[in-house]
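*Asks:* Provided herewith: target-v6.txt, compact mmCIF, C-alpha atoms.
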```
# COMPACT_ATOMS: atom_id res chain seq x y z
CA MET A 1 -44.06 39.19 -51.23
CA LYS A 2 -45.02 38.44 -47.65
CA SER A 3 -46.20 35.00 -48.67
CA LYS A 4 -42.83 34.34 -50.37
CA LYS A 5 -40.99 35.29 -47.15
CA ILE A 6 -43.24 33.05 -45.07
CA TYR A 7 -42.74 30.28 -47.62
CA PHE A 8 -38.90 30.59 -47.49
CA ILE A 9 -38.89 30.84 -43.70
CA SER A 10 -41.08 27.72 -43.44
CA ILE A 11 -38.81 25.81 -45.83
CA GLY A 12 -35.76 27.01 -43.83
CA ILE A 13 -37.30 25.86 -40.56
CA LEU A 14 -38.18 22.49 -42.12
CA LEU A 15 -34.61 22.12 -43.41
CA ILE A 16 -33.22 22.95 -39.94
CA ILE A 17 -35.58 20.42 -38.31
CA LEU A 18 -34.64 17.83 -40.95
CA GLY A 19 -30.92 18.54 -40.31
CA VAL A 20 -31.35 18.13 -36.55
CA ILE A 21 -33.20 14.83 -37.08
CA LEU A 22 -30.46 13.54 -39.43
CA TRP A 23 -27.72 14.68 -37.07
CA ALA A 24 -29.48 12.95 -34.12
CA TYR A 25 -29.91 9.79 -36.17
CA PHE A 26 -26.21 9.55 -37.08
CA ASN A 27 -24.99 10.48 -33.56
CA ARG A 28 -27.31 7.90 -32.02
CA ASP A 29 -25.32 5.19 -33.85
CA GLU A 30 -22.02 6.54 -32.46
CA GLN A 31 -23.38 6.44 -28.90
CA VAL A 32 -24.42 2.82 -29.37
CA ILE A 33 -20.91 1.98 -30.59
CA GLU A 34 -19.36 3.71 -27.56
CA LYS A 35 -21.62 1.78 -25.20
CA SER A 36 -20.72 -1.54 -26.80
CA ASN A 37 -17.02 -0.95 -25.92
CA GLU A 38 -17.76 -0.80 -22.20
CA ILE A 39 -16.34 -3.71 -20.20
CA VAL A 40 -18.95 -5.33 -18.04
CA PRO A 41 -17.64 -7.84 -15.48
CA LYS A 42 -19.31 -11.23 -15.48
CA GLU A 43 -19.39 -11.28 -11.70
CA GLU A 44 -18.76 -8.90 -8.84
CA ILE A 45 -15.41 -9.08 -7.04
CA SER A 46 -16.09 -10.47 -3.59
CA ASP A 47 -14.69 -9.13 -0.33
CA GLU A 48 -12.71 -12.35 -0.02
CA GLN A 49 -11.04 -11.77 -3.39
CA LEU A 50 -10.18 -8.20 -2.42
CA ARG A 51 -8.43 -9.46 0.75
CA ASN A 52 -6.07 -11.76 -1.15
CA THR A 53 -2.38 -10.95 -0.93
CA ILE A 54 0.77 -12.52 -2.30
CA ILE A 55 3.54 -13.73 -0.01
CA SER A 56 6.99 -14.88 -1.11
CA LEU A 57 8.46 -18.07 0.29
CA TYR A 58 12.03 -19.18 -0.40
CA PHE A 59 12.79 -22.81 -1.24
CA ILE A 60 15.77 -24.74 -2.59
CA ASP A 61 15.85 -25.42 -6.33
CA ASN A 62 16.39 -29.18 -6.92
CA GLU A 63 18.61 -28.59 -9.95
CA SER A 64 20.75 -25.55 -9.10
CA GLY A 65 20.68 -25.72 -5.29
CA GLU A 66 19.96 -21.98 -5.16
CA LEU A 67 17.13 -20.34 -3.26
CA LYS A 68 14.12 -19.60 -5.45
CA ILE A 69 10.94 -17.71 -4.66
CA GLU A 70 7.54 -19.34 -4.75
CA SER A 71 4.70 -16.86 -4.47
CA LYS A 72 1.50 -17.93 -2.76
CA LEU A 73 -1.84 -16.16 -2.83
CA ILE A 74 -3.47 -16.17 0.60
CA ASP A 75 -6.26 -14.39 2.41
CA ALA A 76 -4.69 -11.40 4.20
CA LYS A 77 -7.11 -12.01 7.07
CA LYS A 78 -4.98 -15.05 8.02
CA LEU A 79 -2.01 -12.74 8.58
CA LEU A 80 -3.79 -10.53 11.12
CA ASN A 81 -3.38 -12.65 14.27
CA ASN A 82 0.17 -13.93 13.89
CA PRO A 83 1.74 -13.38 10.47
CA TYR A 84 5.02 -15.02 11.52
CA GLU A 85 3.41 -18.33 12.42
CA GLU A 86 1.29 -18.27 9.27
CA ILE A 87 4.32 -17.72 7.02
CA ILE A 88 6.42 -20.37 8.79
CA ASN A 89 3.60 -22.91 8.66
CA LEU A 90 3.16 -22.27 4.94
CA TRP A 91 6.92 -22.70 4.50
CA LEU A 92 6.86 -25.97 6.49
CA GLN A 93 4.09 -27.30 4.24
CA GLY A 94 6.62 -27.09 1.44
CA PRO A 95 6.48 -25.76 -2.09
CA GLU A 96 3.75 -26.52 -4.60
CA ASN A 97 6.32 -26.54 -7.41
CA LYS A 98 7.89 -30.02 -7.69
CA LYS A 99 11.23 -28.48 -8.72
CA LEU A 100 11.60 -26.91 -5.28
CA LYS A 101 12.13 -28.37 -1.79
CA ASN A 102 12.57 -27.24 1.82
CA ASN A 103 14.42 -30.34 3.24
CA CYS A 104 12.25 -30.43 6.37
CA SER A 105 10.36 -33.44 7.61
CA LYS A 106 6.58 -33.20 7.64
CA ASN A 107 6.84 -33.98 11.39
CA VAL A 108 8.46 -30.61 12.21
CA LYS A 109 6.17 -28.44 14.31
CA LEU A 110 6.36 -24.75 15.10
CA ASN A 111 6.28 -24.31 18.87
CA ASN A 112 6.38 -20.52 19.13
CA THR A 113 7.53 -17.23 17.63
CA LYS A 114 8.61 -14.13 19.51
CA LEU A 115 9.53 -10.74 18.08
CA GLU A 116 12.19 -8.91 20.11
CA GLY A 117 12.99 -5.60 18.47
CA ASP A 118 13.63 -6.45 14.84
CA CYS A 119 14.75 -10.07 15.53
CA LEU A 120 12.23 -12.89 15.34
CA SER A 121 12.94 -15.97 17.46
CA VAL A 122 11.44 -19.08 15.92
CA ASP A 123 11.08 -22.17 18.10
CA PHE A 124 10.82 -25.48 16.20
CA SER A 125 10.31 -29.01 17.50
CA LYS A 126 13.35 -31.32 17.72
CA GLU A 127 12.38 -32.97 14.42
CA PHE A 128 13.79 -29.90 12.68
CA ILE A 129 17.27 -31.23 13.46
CA GLU A 130 16.67 -34.94 13.92
CA GLU A 131 14.73 -35.53 10.71
CA PHE A 132 16.61 -33.18 8.37
CA THR A 133 16.17 -34.62 4.86
CA GLY A 134 18.80 -32.60 3.03
CA GLU A 135 22.35 -33.40 2.05
CA LYS A 136 25.49 -32.07 3.70
CA GLY A 137 25.92 -28.41 2.79
CA GLU A 138 22.21 -27.72 2.30
CA GLU A 139 21.71 -26.67 5.91
CA SER A 140 22.49 -23.04 5.11
CA LYS A 141 19.91 -23.02 2.31
CA VAL A 142 17.23 -24.24 4.72
CA ILE A 143 18.14 -21.57 7.27
CA TYR A 144 18.20 -18.80 4.68
CA GLY A 145 14.97 -20.08 3.11
CA ILE A 146 13.31 -19.41 6.46
CA VAL A 147 15.17 -16.13 7.06
CA ASN A 148 14.44 -14.70 3.60
CA SER A 149 10.77 -15.73 3.80
CA LEU A 150 10.33 -13.99 7.16
CA THR A 151 12.36 -10.87 6.34
CA GLU A 152 9.90 -10.11 3.56
CA LEU A 153 8.00 -8.52 6.45
CA THR A 154 9.35 -5.03 7.06
CA GLU A 155 9.51 -5.32 10.85
CA ILE A 156 11.87 -8.31 10.75
CA ASN A 157 15.58 -7.84 9.98
CA SER A 158 17.01 -11.01 11.52
CA VAL A 159 15.93 -14.47 12.66
CA LYS A 160 17.15 -16.70 15.50
CA ILE A 161 16.11 -20.37 15.53
CA LEU A 162 15.52 -22.32 18.74
CA ILE A 163 14.82 -26.03 19.15
CA ASP A 164 12.21 -26.84 21.82
CA GLY A 165 12.99 -23.49 23.46
CA GLU A 166 16.73 -24.15 23.72
CA GLU A 167 19.56 -22.15 22.18
CA ASN A 168 22.90 -23.44 20.90
CA LYS A 169 21.46 -26.29 18.88
CA TYR A 170 23.14 -27.10 15.60
CA LEU A 171 21.91 -28.06 12.16
CA GLY A 172 25.08 -29.42 10.60
CA ASP A 173 27.72 -26.76 11.23
CA PHE A 174 25.23 -23.97 11.83
CA ASN A 175 24.45 -22.70 15.30
CA LEU A 176 20.75 -22.04 14.96
CA SER A 177 20.54 -19.52 17.81
CA GLU A 178 22.77 -16.99 16.06
CA LYS A 179 21.04 -14.06 14.41
CA TYR A 180 20.74 -14.69 10.70
CA PHE A 181 20.19 -11.83 8.28
CA ARG A 182 18.69 -11.86 4.81
CA ILE A 183 20.93 -12.86 1.93
CA ASN A 184 20.51 -12.14 -1.76
CA ASN A 185 21.48 -14.94 -4.07
```
Show the structure stored in the file as structure tokens.
*Replies:*
Amino acid sequence: MKSKKIYFISIGILLIILGVILWAYFNRDEQVIEKSNEIVPKEEISDEQLRNTIISLYFIDNESGELKIESKLIDAKKLLNNPYEEIINLWLQGPENKKLKNNCSKNVKLNNTKLEGDCLSVDFSKEFIEEFTGEKGEESKVIYGIVNSLTELTEINSVKILIDGEENKYLGDFNLSEKYFRINN
């Protein structure tokens, strides 16, 4: 009788061991499947890629004449020293999209920017007025393209434009030294 108990206990232990082995075998396959669903990047994201930021620049649509946004991806490190000059210089370079324009000559230079309270004074070279490439009535779109691009920055609420450091210069019918505020089109 004792030998029968030992026999049944041994068979029970063997069945338990066999069950654990079978269970481990089938669960091992599930773990492999879970691991195969992991996403492994092909390359590490560099510090330079992490610093990239998107800025919005406003240009005139060739077809509708309305202001349209062109987003540009730039290194945020460029915005640390003087973000105003960086944004204006990118705007002066013009849009990458051929359906957009800024109506400024490539000869226009940015002389200076100065933030006074929440108003940014932007000083352009005389070519801004003298070599304007737009049609009559597009002057306001150029002004508001600059204003809307700069007022994307939270500290700027208005923009005043100077020509070679002088106020009361006109682009068409627009006195550039007035404070211009953002418009929504």
*Asks:* Could you jot down the CA of Leu57 (chain A) to CA of Leu150 (chain A) separation for me, Å, one decimal place?
*Replies:*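 These atoms are spaced 8.2 Å apart.
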*Asks:* To one decimal place, how far is CA of Gly65 (chain A) from CA of Asn107 (chain A) in Å?
*Replies:* 23.2 Å
*Asks:* So that I can check the surroundings of Thr151 (chain A), please list as a ChimeraX atom specification every protein, DNA and RNA residue that reaches within 12 Å of it, counting all atoms listed in the file and ignoring chain neighbours fewer than 5 positions away.
*Replies:* /A:55-58,83-84,87-88,118-120,144-146,156-160,180-184
*Asks:* Need to verify the contact set: Gly165 (chain A), 12 Å, only C-alpha atoms, exclusion of same-chain residues closer than 5 positions in sequence. Can you return it as a list of chain:residue names?
*Replies:*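 Once the nearby chain positions are removed, what remains is A:Leu110, A:Asn111, A:Asn112, A:Thr113, A:Lys114, A:Ser121, A:Val122, A:Asp123, A:Phe124, A:Ser125, A:Lys126, A:Lys160, A:Leu176, A:Ser177.
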*Asks:* Please list as a ChimeraX atom specification every residue within 12 Å of Gly137 (chain A), counting all atoms listed in the file and excluding residues in the same chain fewer than 6 positions away.
*Replies:* /A:65-66,103,143,171-174
*Asks:* Using only C-alpha atoms, which of A:Trp91, A:Asn52, A:Glu86, A:Ser3 sits nearest Ile74 (chain A)?
*Replies:*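 Checking each candidate against Ile74 (chain A), we get A:Asn52 as the closest.
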*Asks:* Figure out the distance between CA of Lys101 (chain A) and CA of Ile60 (chain A), please, to one decimal in Å.
*Replies:*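 So the two atoms, CA of Ile60 (chain A) and CA of Lys101 (chain A), lie 5.2 Å apart.
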*Asks:* Around all listed atoms of region 77-86 of chain A, padded 4 Å per side, what centre and edge lengths does the axis-aligned box have in Å to one decimal, as AutoDock Vina command-line options?
*Replies:*
```
--center_x -1.0 --center_y -14.4 --center_z 10.7 --size_x 20.1 --size_y 15.8 --size_z 15.2
```
*Asks:* Which neighbours of Glu127 (chain A) fall inside 10 Å, counting all atoms listed in the file, when residues of the same chain fewer than 5 positions from it are skipped, and could you give them as a list of chain:residue names?
*Replies:*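 In the requested form, the answer reads A:Cys104, A:Ser105, A:Lys106, A:Asn107, A:Val108, A:Lys109, A:Phe132, A:Ile163, A:Asp164.
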*Asks:* Export C-alpha atoms of the chosen residues as a JSON list (two decimals), keeping the file's coordinate frame?
*Replies:*
```
[["chain", "number", "residue", "atom", "x", "y", "z"],
["A", 104, "CYS", "CA", 12.25, -30.43, 6.37],
["A", 105, "SER", "CA", 10.36, -33.44, 7.61],
["A", 106, "LYS", "CA", 6.58, -33.20, 7.64],
["A", 107, "ASN", "CA", 6.84, -33.98, 11.39],
["A", 108, "VAL", "CA", 8.46, -30.61, 12.21],
["A", 109, "LYS", "CA", 6.17, -28.44, 14.31],
["A", 132, "PHE", "CA", 16.61, -33.18, 8.37],
["A", 163, "ILE", "CA", 14.82, -26.03, 19.15],
["A", 164, "ASP", "CA", 12.21, -26.84, 21.82]]
```
